>>> print(open('coords-v2.cif').read())   # mmCIF, C-alpha atoms and all ligand atoms
data_model
loop_
_atom_site.label_atom_id
_atom_site.label_comp_id
_atom_site.auth_asym_id
_atom_site.auth_seq_id
_atom_site.Cartn_x
_atom_site.Cartn_y
_atom_site.Cartn_z
CA MET Z 753 -95.67 6.61 10.40
CA ASN Z 754 -98.61 8.96 10.48
CA ARG Z 755 -98.23 12.58 9.46
CA ASN Z 756 -97.86 13.94 12.97
CA SER Z 757 -95.20 11.53 14.11
CA ALA Z 758 -93.38 12.19 10.85
CA LEU Z 759 -93.49 15.89 11.66
CA ARG Z 760 -92.26 15.34 15.19
CA ALA Z 761 -89.39 13.21 13.98
CA ASP Z 762 -88.29 15.85 11.50
CA ALA Z 763 -88.13 19.23 13.15
CA SER Z 764 -86.30 20.79 10.23
CA ILE Z 765 -89.36 20.46 7.96
CA ARG Z 766 -88.28 18.88 4.76
CA THR Z 767 -91.88 18.46 3.73
CA VAL Z 768 -91.84 21.79 1.94
CA PRO Z 769 -88.82 22.55 -0.26
CA GLY Z 770 -87.18 25.88 0.54
CA LEU Z 771 -88.59 26.21 4.03
CA SER Z 772 -85.96 24.12 5.79
CA ARG Z 773 -83.39 26.78 4.95
CA ALA Z 774 -85.65 29.78 5.59
CA ARG Z 775 -85.17 29.85 9.35
CA GLY Z 776 -81.55 30.92 8.93
CA ASP Z 777 -82.73 34.02 7.04
CA PHE Z 778 -84.15 35.49 10.26
CA PRO Z 779 -81.33 36.53 12.62
CA ILE Z 780 -83.67 37.26 15.54
CA LEU Z 781 -84.71 33.60 15.70
CA ALA Z 782 -81.20 32.71 16.88
CA ARG Z 783 -81.48 34.81 20.04
CA LYS Z 784 -82.35 33.64 23.50
CA VAL Z 785 -85.10 34.95 25.76
CA HIS Z 786 -84.79 34.38 29.51
CA GLY Z 787 -81.85 32.11 28.70
CA LYS Z 788 -83.98 29.88 26.45
CA PRO Z 789 -84.00 29.71 22.64
CA LEU Z 790 -86.69 32.03 21.30
CA VAL Z 791 -89.83 30.27 20.07
CA TYR Z 792 -91.70 33.01 18.27
CA LEU Z 793 -95.39 32.17 17.96
CA ASP Z 794 -96.85 35.68 17.84
CA ASN Z 795 -96.83 36.02 14.07
CA ALA Z 796 -100.40 37.26 13.82
CA ALA Z 797 -99.31 40.33 15.82
CA THR Z 798 -96.22 40.89 13.69
CA THR Z 799 -93.76 38.70 11.83
CA GLN Z 800 -89.98 38.70 12.06
CA LYS Z 801 -87.97 40.11 9.19
CA PRO Z 802 -85.59 38.20 6.94
CA ARG Z 803 -82.17 39.67 6.14
CA ALA Z 804 -83.37 40.30 2.57
CA VAL Z 805 -85.81 42.91 3.95
CA THR Z 806 -83.50 44.67 6.39
CA ALA Z 807 -80.71 44.65 3.77
CA ALA Z 808 -82.98 46.21 1.14
CA ILE Z 809 -84.00 48.98 3.56
CA ARG Z 810 -80.40 49.61 4.50
CA ARG Z 811 -79.30 49.60 0.84
CA TYR Z 812 -82.00 52.11 0.02
CA TYR Z 813 -80.89 54.51 2.75
CA ASP Z 814 -77.21 53.95 2.02
CA THR Z 815 -77.46 54.50 -1.73
CA SER Z 816 -80.71 56.10 -2.86
CA ASN Z 817 -82.39 58.09 -0.09
CA ALA Z 818 -84.08 61.34 -1.18
CA ASN Z 819 -87.58 62.75 -1.22
CA VAL Z 820 -89.81 61.44 -3.99
CA HIS Z 821 -91.79 63.04 -6.82
CA ARG Z 822 -90.19 66.42 -6.16
CA GLY Z 823 -86.49 66.62 -6.84
CA VAL Z 824 -84.75 67.47 -10.04
CA HIS Z 825 -81.70 65.52 -8.97
CA ALA Z 826 -80.49 61.99 -9.56
CA LEU Z 827 -81.13 60.64 -6.07
CA SER Z 828 -84.69 61.89 -6.07
CA ASP Z 829 -85.23 60.11 -9.37
CA ARG Z 830 -83.82 56.91 -7.89
CA ALA Z 831 -85.94 57.15 -4.78
CA THR Z 832 -89.06 57.86 -6.86
CA GLN Z 833 -88.27 54.91 -9.07
CA ALA Z 834 -87.77 52.61 -6.06
CA TYR Z 835 -91.05 53.78 -4.54
CA GLU Z 836 -93.07 53.41 -7.73
CA GLU Z 837 -91.48 50.05 -8.54
CA ALA Z 838 -92.56 48.87 -5.11
CA ARG Z 839 -96.11 49.90 -6.00
CA GLY Z 840 -95.90 47.90 -9.21
CA ARG Z 841 -94.62 44.89 -7.26
CA VAL Z 842 -97.58 45.08 -4.86
CA ALA Z 843 -99.96 45.38 -7.81
CA ARG Z 844 -98.54 42.12 -9.25
CA PHE Z 845 -98.64 40.47 -5.82
CA LEU Z 846 -102.38 41.15 -5.57
CA ASN Z 847 -102.99 40.78 -9.32
CA ALA Z 848 -104.44 44.30 -9.47
CA ARG Z 849 -105.33 45.50 -12.93
CA GLU Z 850 -103.27 48.70 -12.67
CA ASP Z 851 -100.47 50.05 -10.48
CA ARG Z 852 -102.58 53.12 -9.66
CA GLU Z 853 -105.02 50.88 -7.81
CA ILE Z 854 -102.38 50.51 -5.07
CA VAL Z 855 -102.32 53.22 -2.39
CA PHE Z 856 -99.53 53.10 0.17
CA VAL Z 857 -100.78 53.64 3.72
CA ARG Z 858 -99.37 52.97 7.21
CA GLY Z 859 -101.13 49.65 7.54
CA ALA Z 860 -104.47 47.87 7.34
CA THR Z 861 -105.91 50.22 9.96
CA GLU Z 862 -105.15 53.31 7.94
CA GLY Z 863 -106.42 51.67 4.75
CA ILE Z 864 -109.81 50.97 6.35
CA ASN Z 865 -110.00 54.45 7.88
CA LEU Z 866 -109.22 55.94 4.48
CA VAL Z 867 -112.12 54.12 2.83
CA ALA Z 868 -114.52 54.75 5.74
CA GLN Z 869 -113.76 58.46 5.75
CA THR Z 870 -113.72 59.07 1.99
CA TYR Z 871 -115.97 56.50 0.31
CA GLY Z 872 -118.08 56.46 3.48
CA ARG Z 873 -118.34 60.25 3.58
CA VAL Z 874 -119.76 60.33 0.06
CA HIS Z 875 -122.05 57.33 0.18
CA LEU Z 876 -123.42 57.07 3.70
CA GLN Z 877 -126.61 58.89 4.64
CA ALA Z 878 -129.03 58.74 7.53
CA GLY Z 879 -130.76 55.36 7.67
CA ASP Z 880 -128.11 53.59 5.56
CA GLU Z 881 -126.33 50.48 6.77
CA VAL Z 882 -122.79 49.12 6.80
CA LEU Z 883 -122.54 45.34 7.17
CA ILE Z 884 -119.61 43.79 9.01
CA THR Z 885 -119.18 40.42 10.72
CA GLY Z 886 -119.00 39.43 14.37
CA MET Z 887 -115.35 38.41 14.08
CA GLU Z 888 -113.84 41.72 12.95
CA HIS Z 889 -110.70 43.23 14.42
CA HIS Z 890 -111.38 46.62 16.06
CA SER Z 891 -109.75 48.16 12.96
CA ASN Z 892 -112.67 46.99 10.88
CA ILE Z 893 -115.30 48.01 13.43
CA VAL Z 894 -114.40 51.40 14.86
CA PRO Z 895 -113.78 53.28 11.56
CA TRP Z 896 -117.21 52.16 10.33
CA GLN Z 897 -118.81 53.05 13.65
CA MET Z 898 -117.31 56.54 13.33
CA ALA Z 899 -118.50 56.89 9.72
CA CYS Z 900 -121.99 55.64 10.66
CA ASP Z 901 -122.18 58.03 13.64
CA ARG Z 902 -121.36 60.98 11.43
CA ALA Z 903 -123.92 60.02 8.80
CA GLY Z 904 -126.67 58.73 11.09
CA ALA Z 905 -126.19 55.31 9.50
CA ARG Z 906 -126.32 51.93 11.26
CA LEU Z 907 -123.67 49.28 11.76
CA VAL Z 908 -125.13 45.82 11.15
CA VAL Z 909 -123.26 42.72 12.33
CA ALA Z 910 -123.53 39.28 10.74
CA PRO Z 911 -123.40 36.65 13.50
CA VAL Z 912 -120.66 34.11 14.19
CA ASP Z 913 -121.36 30.68 15.70
CA VAL Z 914 -119.54 29.13 18.66
CA SER Z 915 -117.08 27.35 16.39
CA GLY Z 916 -116.02 30.74 15.03
CA GLU Z 917 -117.72 30.35 11.66
CA LEU Z 918 -119.73 33.07 10.03
CA ASP Z 919 -123.44 32.42 9.59
CA LEU Z 920 -123.38 32.89 5.83
CA ALA Z 921 -127.15 32.67 5.41
CA ALA Z 922 -127.61 35.43 8.01
CA TYR Z 923 -124.93 37.51 6.28
CA GLU Z 924 -126.83 37.20 3.02
CA ARG Z 925 -130.13 38.09 4.69
CA MET Z 926 -128.57 41.12 6.33
CA LEU Z 927 -127.57 42.57 2.97
CA SER Z 928 -130.56 44.89 2.80
CA PRO Z 929 -131.65 47.56 0.33
CA ARG Z 930 -130.11 50.04 2.80
CA THR Z 931 -126.66 48.40 2.83
CA ARG Z 932 -124.10 50.75 1.31
CA MET Z 933 -120.95 48.79 2.14
CA ALA Z 934 -119.87 45.38 3.45
CA ALA Z 935 -116.54 45.22 5.29
CA VAL Z 936 -115.35 41.72 6.14
CA THR Z 937 -112.21 40.06 7.33
CA HIS Z 938 -110.60 37.47 5.09
CA VAL Z 939 -109.06 35.62 8.05
CA SER Z 940 -109.94 36.14 11.72
CA ASN Z 941 -106.92 37.24 13.73
CA ALA Z 942 -108.41 35.87 16.96
CA LEU Z 943 -109.51 32.41 15.78
CA GLY Z 944 -107.91 31.83 12.39
CA THR Z 945 -111.27 31.31 10.64
CA VAL Z 946 -110.97 31.74 6.87
CA ASN Z 947 -114.11 33.37 5.55
CA PRO Z 948 -115.59 32.44 2.16
CA VAL Z 949 -114.93 35.96 0.94
CA ARG Z 950 -115.43 35.19 -2.74
CA GLU Z 951 -118.94 33.96 -2.05
CA MET Z 952 -119.58 36.87 0.31
CA ILE Z 953 -118.47 39.35 -2.35
CA GLY Z 954 -120.73 37.64 -4.89
CA MET Z 955 -123.72 37.93 -2.54
CA ALA Z 956 -123.02 41.60 -1.91
CA HIS Z 957 -122.41 42.45 -5.55
CA SER Z 958 -125.63 40.80 -6.67
CA ARG Z 959 -127.33 43.46 -4.51
CA GLY Z 960 -125.09 46.28 -5.72
CA VAL Z 961 -123.14 46.47 -2.44
CA PRO Z 962 -119.37 47.09 -2.64
CA VAL Z 963 -117.06 45.06 -0.40
CA LEU Z 964 -113.92 45.92 1.53
CA VAL Z 965 -111.84 42.90 2.56
CA ASP Z 966 -109.49 43.16 5.52
CA GLY Z 967 -106.60 40.98 4.41
CA ALA Z 968 -104.23 41.70 7.31
CA GLN Z 969 -104.22 38.03 8.36
CA ALA Z 970 -104.67 36.50 4.91
CA THR Z 971 -101.80 37.88 2.83
CA PRO Z 972 -99.07 36.23 4.97
CA HIS Z 973 -100.69 32.81 4.60
CA THR Z 974 -102.33 32.50 1.22
CA PRO Z 975 -102.04 33.91 -2.31
CA VAL Z 976 -104.57 36.70 -2.89
CA ASP Z 977 -105.96 37.64 -6.30
CA VAL Z 978 -108.12 40.73 -6.01
CA ARG Z 979 -109.44 40.34 -9.54
CA ALA Z 980 -110.50 36.74 -8.95
CA LEU Z 981 -112.11 37.80 -5.66
CA GLY Z 982 -113.76 40.78 -7.32
CA CYS Z 983 -113.49 42.87 -4.13
CA ASP Z 984 -113.77 46.63 -4.34
CA PHE Z 985 -111.14 47.30 -1.67
CA TYR Z 986 -108.51 45.09 -0.04
CA VAL Z 987 -106.14 46.14 2.76
CA PHE Z 988 -103.10 44.60 4.39
CA SER Z 989 -100.11 45.53 6.57
CA GLY Z 990 -96.48 45.06 5.56
CA HIS Z 991 -95.30 44.10 9.04
CA LYS Z 992 -97.48 40.98 9.16
CA LEU Z 993 -96.00 39.93 5.80
CA TYR Z 994 -92.34 39.79 6.91
CA GLY Z 995 -91.95 43.44 5.85
CA PRO Z 996 -91.33 46.57 7.94
CA THR Z 997 -93.75 48.39 10.21
CA GLY Z 998 -95.34 51.65 9.08
CA ILE Z 999 -96.19 50.55 5.54
CA GLY Z 1000 -99.35 48.93 4.29
CA VAL Z 1001 -101.54 48.76 1.25
CA LEU Z 1002 -105.00 49.80 0.21
CA TYR Z 1003 -106.06 48.25 -3.06
CA GLY Z 1004 -109.10 49.93 -4.59
CA LYS Z 1005 -110.75 49.48 -7.95
CA ALA Z 1006 -109.68 52.43 -10.09
CA GLU Z 1007 -113.24 53.64 -10.63
CA HIS Z 1008 -113.81 53.89 -6.86
CA LEU Z 1009 -110.50 55.62 -6.17
CA GLU Z 1010 -111.18 58.09 -8.99
CA ALA Z 1011 -114.57 58.98 -7.55
CA MET Z 1012 -113.49 59.25 -3.90
CA PRO Z 1013 -112.50 62.55 -2.30
CA PRO Z 1014 -108.98 62.76 -0.86
CA TYR Z 1015 -108.23 61.54 2.66
CA GLN Z 1016 -105.63 63.92 4.06
CA GLY Z 1017 -104.50 67.22 2.57
CA GLY Z 1018 -100.90 68.30 2.06
CA GLY Z 1019 -97.96 68.04 -0.28
CA ASP Z 1020 -97.83 65.46 -3.06
CA MET Z 1021 -101.59 64.98 -3.24
CA ILE Z 1022 -102.08 68.19 -5.23
CA LEU Z 1023 -101.55 69.42 -8.78
CA ARG Z 1024 -102.09 73.10 -8.06
CA VAL Z 1025 -102.90 75.11 -4.96
CA THR Z 1026 -104.17 78.66 -4.66
CA PHE Z 1027 -105.77 80.13 -1.57
CA GLU Z 1028 -109.08 79.89 -3.35
CA LYS Z 1029 -108.92 76.36 -4.69
CA THR Z 1030 -106.84 73.20 -4.86
CA THR Z 1031 -106.69 70.79 -7.77
CA TYR Z 1032 -105.92 67.27 -6.60
CA ASN Z 1033 -103.32 64.93 -7.99
CA ALA Z 1034 -104.24 61.80 -9.94
CA VAL Z 1035 -104.89 58.44 -8.28
CA PRO Z 1036 -103.11 57.01 -6.28
CA TRP Z 1037 -101.09 60.08 -5.23
CA LYS Z 1038 -104.32 61.92 -4.39
CA PHE Z 1039 -104.43 59.68 -1.30
CA GLU Z 1040 -100.77 59.94 -0.33
CA ALA Z 1041 -100.39 63.37 1.31
CA GLY Z 1042 -96.93 64.26 2.59
CA THR Z 1043 -93.61 62.49 2.29
CA PRO Z 1044 -94.37 58.80 2.01
CA ASN Z 1045 -92.63 55.89 3.71
CA VAL Z 1046 -90.24 55.20 0.84
CA GLY Z 1047 -87.93 52.96 2.87
CA GLY Z 1048 -90.98 51.02 4.05
CA ALA Z 1049 -92.22 50.52 0.50
CA VAL Z 1050 -88.76 49.28 -0.52
CA GLY Z 1051 -88.77 46.88 2.43
CA LEU Z 1052 -92.27 45.65 1.60
CA ARG Z 1053 -91.19 44.97 -1.96
CA ALA Z 1054 -88.25 42.93 -0.66
CA ALA Z 1055 -90.59 40.98 1.62
CA ILE Z 1056 -92.89 40.16 -1.28
CA ASP Z 1057 -89.91 39.07 -3.41
CA TYR Z 1058 -88.73 36.91 -0.52
CA LEU Z 1059 -92.13 35.29 -0.03
CA ASP Z 1060 -92.61 34.76 -3.74
CA ALA Z 1061 -89.26 33.00 -3.99
CA ILE Z 1062 -90.41 30.52 -1.34
CA GLY Z 1063 -93.94 30.38 -2.72
CA LEU Z 1064 -97.02 31.28 -0.71
CA GLY Z 1065 -98.50 27.91 -1.63
CA ALA Z 1066 -95.60 26.22 0.15
CA VAL Z 1067 -95.95 28.54 3.14
CA SER Z 1068 -99.65 27.81 3.35
CA ALA Z 1069 -99.09 24.03 3.19
CA HIS Z 1070 -96.39 24.21 5.86
CA GLU Z 1071 -98.50 26.31 8.22
CA GLY Z 1072 -101.45 23.98 7.66
CA GLU Z 1073 -99.30 21.07 8.83
CA LEU Z 1074 -98.15 23.02 11.88
CA LEU Z 1075 -101.69 24.04 12.75
CA ALA Z 1076 -102.95 20.44 12.49
CA TYR Z 1077 -100.10 19.21 14.67
CA ALA Z 1078 -100.50 22.00 17.22
CA THR Z 1079 -104.28 21.53 17.38
CA GLU Z 1080 -103.74 17.87 18.22
CA GLU Z 1081 -100.87 18.35 20.68
CA VAL Z 1082 -102.34 21.33 22.53
CA GLY Z 1083 -105.91 20.04 22.32
CA LYS Z 1084 -105.07 16.80 24.09
CA ILE Z 1085 -103.63 18.52 27.17
CA PRO Z 1086 -106.15 18.00 30.00
CA GLY Z 1087 -108.08 21.18 30.80
CA VAL Z 1088 -107.25 22.84 27.48
CA ARG Z 1089 -110.00 23.90 25.09
CA VAL Z 1090 -109.24 25.04 21.57
CA VAL Z 1091 -111.31 28.12 20.74
CA GLY Z 1092 -112.17 28.40 17.06
CA THR Z 1093 -112.78 25.14 15.27
CA ALA Z 1094 -113.99 26.42 11.91
CA ARG Z 1095 -113.59 24.05 8.95
CA GLU Z 1096 -111.30 26.47 7.15
CA LYS Z 1097 -108.52 27.92 9.29
CA ALA Z 1098 -105.21 29.68 8.74
CA GLY Z 1099 -102.20 29.24 11.05
CA ILE Z 1100 -103.75 30.53 14.29
CA LEU Z 1101 -104.48 28.47 17.39
CA SER Z 1102 -106.51 30.12 20.15
CA PHE Z 1103 -107.09 28.24 23.37
CA VAL Z 1104 -108.09 28.56 27.01
CA VAL Z 1105 -106.83 26.53 29.94
CA GLU Z 1106 -109.22 25.68 32.74
CA GLY Z 1107 -108.35 27.60 35.90
CA VAL Z 1108 -105.50 29.59 34.34
CA HIS Z 1109 -105.90 33.13 33.02
CA PRO Z 1110 -104.60 33.58 29.46
CA HIS Z 1111 -102.15 36.24 30.67
CA ASP Z 1112 -100.66 33.77 33.15
CA ILE Z 1113 -100.25 31.23 30.34
CA GLY Z 1114 -98.47 33.93 28.34
CA THR Z 1115 -96.18 34.83 31.23
CA ILE Z 1116 -95.19 31.25 31.98
CA LEU Z 1117 -94.60 30.51 28.31
CA ASP Z 1118 -92.49 33.65 28.06
CA HIS Z 1119 -90.22 32.32 30.78
CA GLU Z 1120 -89.78 29.23 28.63
CA GLY Z 1121 -88.77 31.46 25.70
CA VAL Z 1122 -92.13 30.93 23.97
CA ALA Z 1123 -93.77 34.15 22.71
CA ILE Z 1124 -97.54 33.98 22.28
CA ARG Z 1125 -100.33 36.51 22.60
CA ALA Z 1126 -102.91 36.61 25.39
CA GLY Z 1127 -106.01 38.75 25.69
CA HIS Z 1128 -108.89 39.90 23.52
CA HIS Z 1129 -106.77 40.22 20.34
CA CYS Z 1130 -108.44 43.54 19.46
CA ALA Z 1131 -111.67 41.62 18.93
CA MET Z 1132 -113.62 42.39 22.11
CA PRO Z 1133 -117.07 41.88 20.56
CA LEU Z 1134 -116.02 38.42 19.38
CA MET Z 1135 -114.76 37.55 22.87
CA ASP Z 1136 -118.09 38.79 24.30
CA ARG Z 1137 -119.92 36.55 21.83
CA LEU Z 1138 -117.84 33.56 22.94
CA GLY Z 1139 -118.30 34.47 26.62
CA LEU Z 1140 -114.56 34.74 27.19
CA PRO Z 1141 -112.43 37.58 28.60
CA GLY Z 1142 -109.72 36.49 26.20
CA THR Z 1143 -107.70 33.56 24.94
CA ALA Z 1144 -104.09 32.53 24.58
CA ARG Z 1145 -103.09 32.54 20.92
CA ALA Z 1146 -100.23 30.85 19.14
CA SER Z 1147 -99.84 31.95 15.54
CA PHE Z 1148 -97.50 30.38 13.05
CA GLY Z 1149 -95.18 31.74 10.43
CA LEU Z 1150 -93.13 30.18 7.68
CA TYR Z 1151 -90.12 29.66 9.96
CA ASN Z 1152 -91.85 27.75 12.77
CA THR Z 1153 -91.20 24.08 13.32
CA PRO Z 1154 -92.97 21.08 14.87
CA ALA Z 1155 -90.26 21.08 17.57
CA GLU Z 1156 -91.49 24.55 18.55
CA VAL Z 1157 -95.03 23.23 18.79
CA ASP Z 1158 -93.68 20.61 21.21
CA LEU Z 1159 -92.13 23.40 23.31
CA LEU Z 1160 -95.45 25.26 23.28
CA ALA Z 1161 -97.28 22.17 24.49
CA ALA Z 1162 -94.63 21.52 27.17
CA GLY Z 1163 -94.98 25.14 28.38
CA ILE Z 1164 -98.76 24.83 28.63
CA ARG Z 1165 -98.37 21.63 30.67
CA LYS Z 1166 -95.99 23.49 32.94
CA ALA Z 1167 -98.49 26.33 33.39
CA ARG Z 1168 -101.12 23.80 34.42
CA GLU Z 1169 -98.74 22.35 36.99
CA VAL Z 1170 -97.97 25.79 38.45
CA PHE Z 1171 -101.65 26.65 38.83
CA ARG Z 1172 -102.83 23.29 40.06
C1 LIG Z 1201 -107.57 41.12 10.99
C2 LIG Z 1201 -106.78 42.36 11.27
N1 LIG Z 1201 -107.17 43.52 10.73
C3 LIG Z 1201 -106.51 44.66 10.95
C4 LIG Z 1201 -105.40 44.69 11.74
C5 LIG Z 1201 -104.70 45.97 11.95
O1 LIG Z 1201 -103.42 45.94 11.40
P1 LIG Z 1201 -102.41 47.14 11.69
O2 LIG Z 1201 -102.35 47.32 13.16
O3 LIG Z 1201 -101.12 46.65 11.09
O4 LIG Z 1201 -102.94 48.33 10.98
C6 LIG Z 1201 -104.96 43.52 12.34
C7 LIG Z 1201 -103.81 43.53 13.27
O5 LIG Z 1201 -103.66 42.69 14.12
C8 LIG Z 1201 -105.66 42.33 12.10
O6 LIG Z 1201 -105.27 41.17 12.64
#
>>> encode(input="coords-v2.cif", output="structure tokens")
Amino acid sequence: MNRNSALRADASIRTVPGLSRARGDFPILARKVHGKPLVYLDNAATTQKPRAVTAAIRRYYDTSNANVHRGVHALSDRATQAYEEARGRVARFLNAREDREIVFVRGATEGINLVAQTYGRVHLQAGDEVLITGMEHHSNIVPWQMACDRAGARLVVAPVDVSGELDLAAYERMLSPRTRMAAVTHVSNALGTVNPVREMIGMAHSRGVPVLVDGAQATPHTPVDVRALGCDFYVFSGHKLYGPTGIGVLYGKAEHLEAMPPYQGGGDMILRVTFEKTTYNAVPWKFEAGTPNVGGAVGLRAAIDYLDAIGLGAVSAHEGELLAYATEEVGKIPGVRVVGTAREKAGILSFVVEGVHPHDIGTILDHEGVAIRAGHHCAMPLMDRLGLPGTARASFGLYNTPAEVDLLAAGIRKAREVFR
């Protein structure tokens, strides 16, 4: 039996210990959509939440809710402790050197904007350059464009080939004496390409250029060690990591965070305020103006605990199997072309179907209960580069099964029939 037929024969995935039971942890996966069992393959947009996460959020609000860092009462102490423990948990998750290197933000988008508007404000001058890649999500393009516009700096884009791989030699060449920052995605949300970020960071650092890594699509699929990577900044979103929406993380090396001006002004980010002058709080609170998302941080911590108990290595292996199987099953459907065939890929399968618009694929699959994404995936410049208005995208999570891949493939065949 080859690997794929073994997978097909065993839809409950016993290949990876722990994962066969995981599906039951996600109540939403038991629901029906249009009368069909839900097949959720839009994990790159957001993941579903296990009971452990929703229960932790509920427990927090039921037993410990108060404002943090301010109160002199017991609940405020508990809430502060829960919030700061969540920070410590994230620091261990990323292997940060210190807890204060973890700034809670709303998500990857806010993390990038924070760096672009603070680090960027200090370091970018007219004629300087910021280097990104041709496969960035709009979140890692527009904030840099805005920072460059303000400073009179230039956005430089390292090219991507038709397979969806970065031209690493061009990236290295484009690191010029004027480059002040490189901002690169760890994993492409549109194509699943895994970039050689460690090498890219090494190239940048050898020229004195700091690197921000957008880890929104990497953290759910692979263990990340910011110290081993050596990156200066790393961002991710809780909701793509089986945690709640509205919470995300900016990791920054302490020396950068210390030197950066604050992002937003308000409560909590200050030590003392007079009308003449404000003294800012220490890192990381200097960057966390206003009441933070304490419940979100608690939920994120629970998500990380949940993932760690399963093991990200196991998740990664499982999703790799699913991706290989899906690539084969979807790729062999007549008229289907897989978009993004990089050597290193995470659990994302983008494809186009001859004569059928991606949105129509999405709509027909939806009627079969299969949730995918269709469109430009917030990566319009990449779609332009590939000469496509958009793609259909199936993205896998730890709870998906080979049987769901079969339903995806059956739905695509049906769409072809409808549009024949
Ligand atoms: C690669 C990448 N970066 C950044 C983001 C933005 O994440 P958020 O909307 O959670 O801030 C996404 C979301 O899809 C993404 O895929």
>>> residues_near_ligand(input="coords-v2.cif", ligand="ligand LIG 1201 (chain Z)", cutoff="9 Å", atoms="all atoms listed in the file", output="number ranges by chain")
Z: 796-798, 858-864, 887-892, 937-942, 966-970, 987-992, 997-1000, 1129-1131
>>> closest_atom_pairs(input="coords-v2.cif", of="stretch 1002-1092 of chain Z", to="stretch 771-793 of chain Z", cutoff="12 Å", atoms="only C-alpha atoms", output="CSV")
residue,atom,partner,partner_atom,distance
Z:Ala1055,CA,Z:Asp777,CA,11.8
Z:Tyr1058,CA,Z:Ala774,CA,9.9
Z:Leu1059,CA,Z:Ala774,CA,10.2
Z:Ala1061,CA,Z:Leu771,CA,10.5
Z:Ile1062,CA,Z:Leu771,CA,7.1
Z:Gly1063,CA,Z:Leu771,CA,9.6
Z:Leu1064,CA,Z:Leu771,CA,10.9
Z:Gly1065,CA,Z:Leu771,CA,11.5
Z:Ala1066,CA,Z:Leu771,CA,8.0
Z:Val1067,CA,Z:Leu771,CA,7.8
Z:Ser1068,CA,Z:Leu771,CA,11.2
Z:Ala1069,CA,Z:Leu771,CA,10.8
Z:His1070,CA,Z:Leu771,CA,8.3
Z:Glu1071,CA,Z:Leu771,CA,10.8
Z:Leu1074,CA,Z:Leu793,CA,11.3
Z:Leu1075,CA,Z:Leu793,CA,11.5
Z:Ala1078,CA,Z:Leu793,CA,11.4
>>> closest_residue(input="coords-v2.cif", among="Z:Leu1052, Z:Ile1022, Z:Val1108, Z:Val1035", to="Z:Glu1010", atoms="all atoms listed in the file")
Z:Val1035
>>> atom_distance(input="coords-v2.cif", atom1="atom CA of Z:Ala899", atom2="atom CA of Z:Leu876")
7.8 Å
>>> atom_distance(input="coords-v2.cif", atom1="atom CA of Z:Leu943", atom2="atom CA of Z:Ile1100")
6.2 Å
>>> residues_around(input="coords-v2.cif", residues="stretch 906-912 of chain Z", least_positions_apart="5", cutoff="9 Å", atoms="all atoms listed in the file", output="MDAnalysis selection string")
chainID Z and resid 878:887 893 896:897 900:901 917:920 922:924 926 931 1134 1137
>>> closest_residue(input="coords-v2.cif", among="Z:Asp794, Z:Arg1095, Z:Val1046, Z:Val805", to="Z:Val820", atoms="all atoms listed in the file")
Z:Val1046
>>> atom_distance(input="coords-v2.cif", atom1="atom CA of Z:Glu837", atom2="atom CA of Z:Arg811")
15.4 Å
>>> closest_residue(input="coords-v2.cif", among="Z:Arg873, Z:Val857, Z:Pro1044, Z:Ala1146", to="Z:Ala905", atoms="all atoms listed in the file")
Z:Arg873
>>> residues_around(input="coords-v2.cif", residues="Z:Arg950", least_positions_apart="2", cutoff="12 Å", atoms="all atoms listed in the file", output="number ranges by chain")
Z: 920, 936-938, 946-948, 952-957, 963-965, 976-984
>>> residues_near_point(input="coords-v2.cif", point="(-90.8, 60.1, -6.3)", cutoff="6 Å", atoms="only C-alpha atoms", output="ChimeraX atom specification")
/Z:820-821,831-832
>>> closest_residue(input="coords-v2.cif", among="Z:Gly1107, Z:Pro975, Z:Gly1139, Z:Gly1047", to="Z:Glu1169", atoms="all atoms listed in the file")
Z:Gly1107
>>> residues_around(input="coords-v2.cif", residues="Z:Ala838", least_positions_apart="2", cutoff="6 Å", atoms="all atoms listed in the file", output="PyMOL selection string")
chain Z and resi 835-836+840-841+1049-1050+1053
>>> residues_near_point(input="coords-v2.cif", point="(-87.5, 61.3, -4.3)", cutoff="9 Å", atoms="only C-alpha atoms", output="MDAnalysis selection string")
chainID Z and resid 816:835 1046
>>> closest_residue(input="coords-v2.cif", among="Z:Gly1042, Z:Ala935, Z:Gln869, Z:Val1157", to="Z:Gly1083", atoms="all atoms listed in the file")
Z:Val1157
>>> closest_residue(input="coords-v2.cif", among="Z:Leu1138, Z:Asp1158, Z:Met1012, Z:Pro972", to="Z:Thr799", atoms="all atoms listed in the file")
Z:Pro972
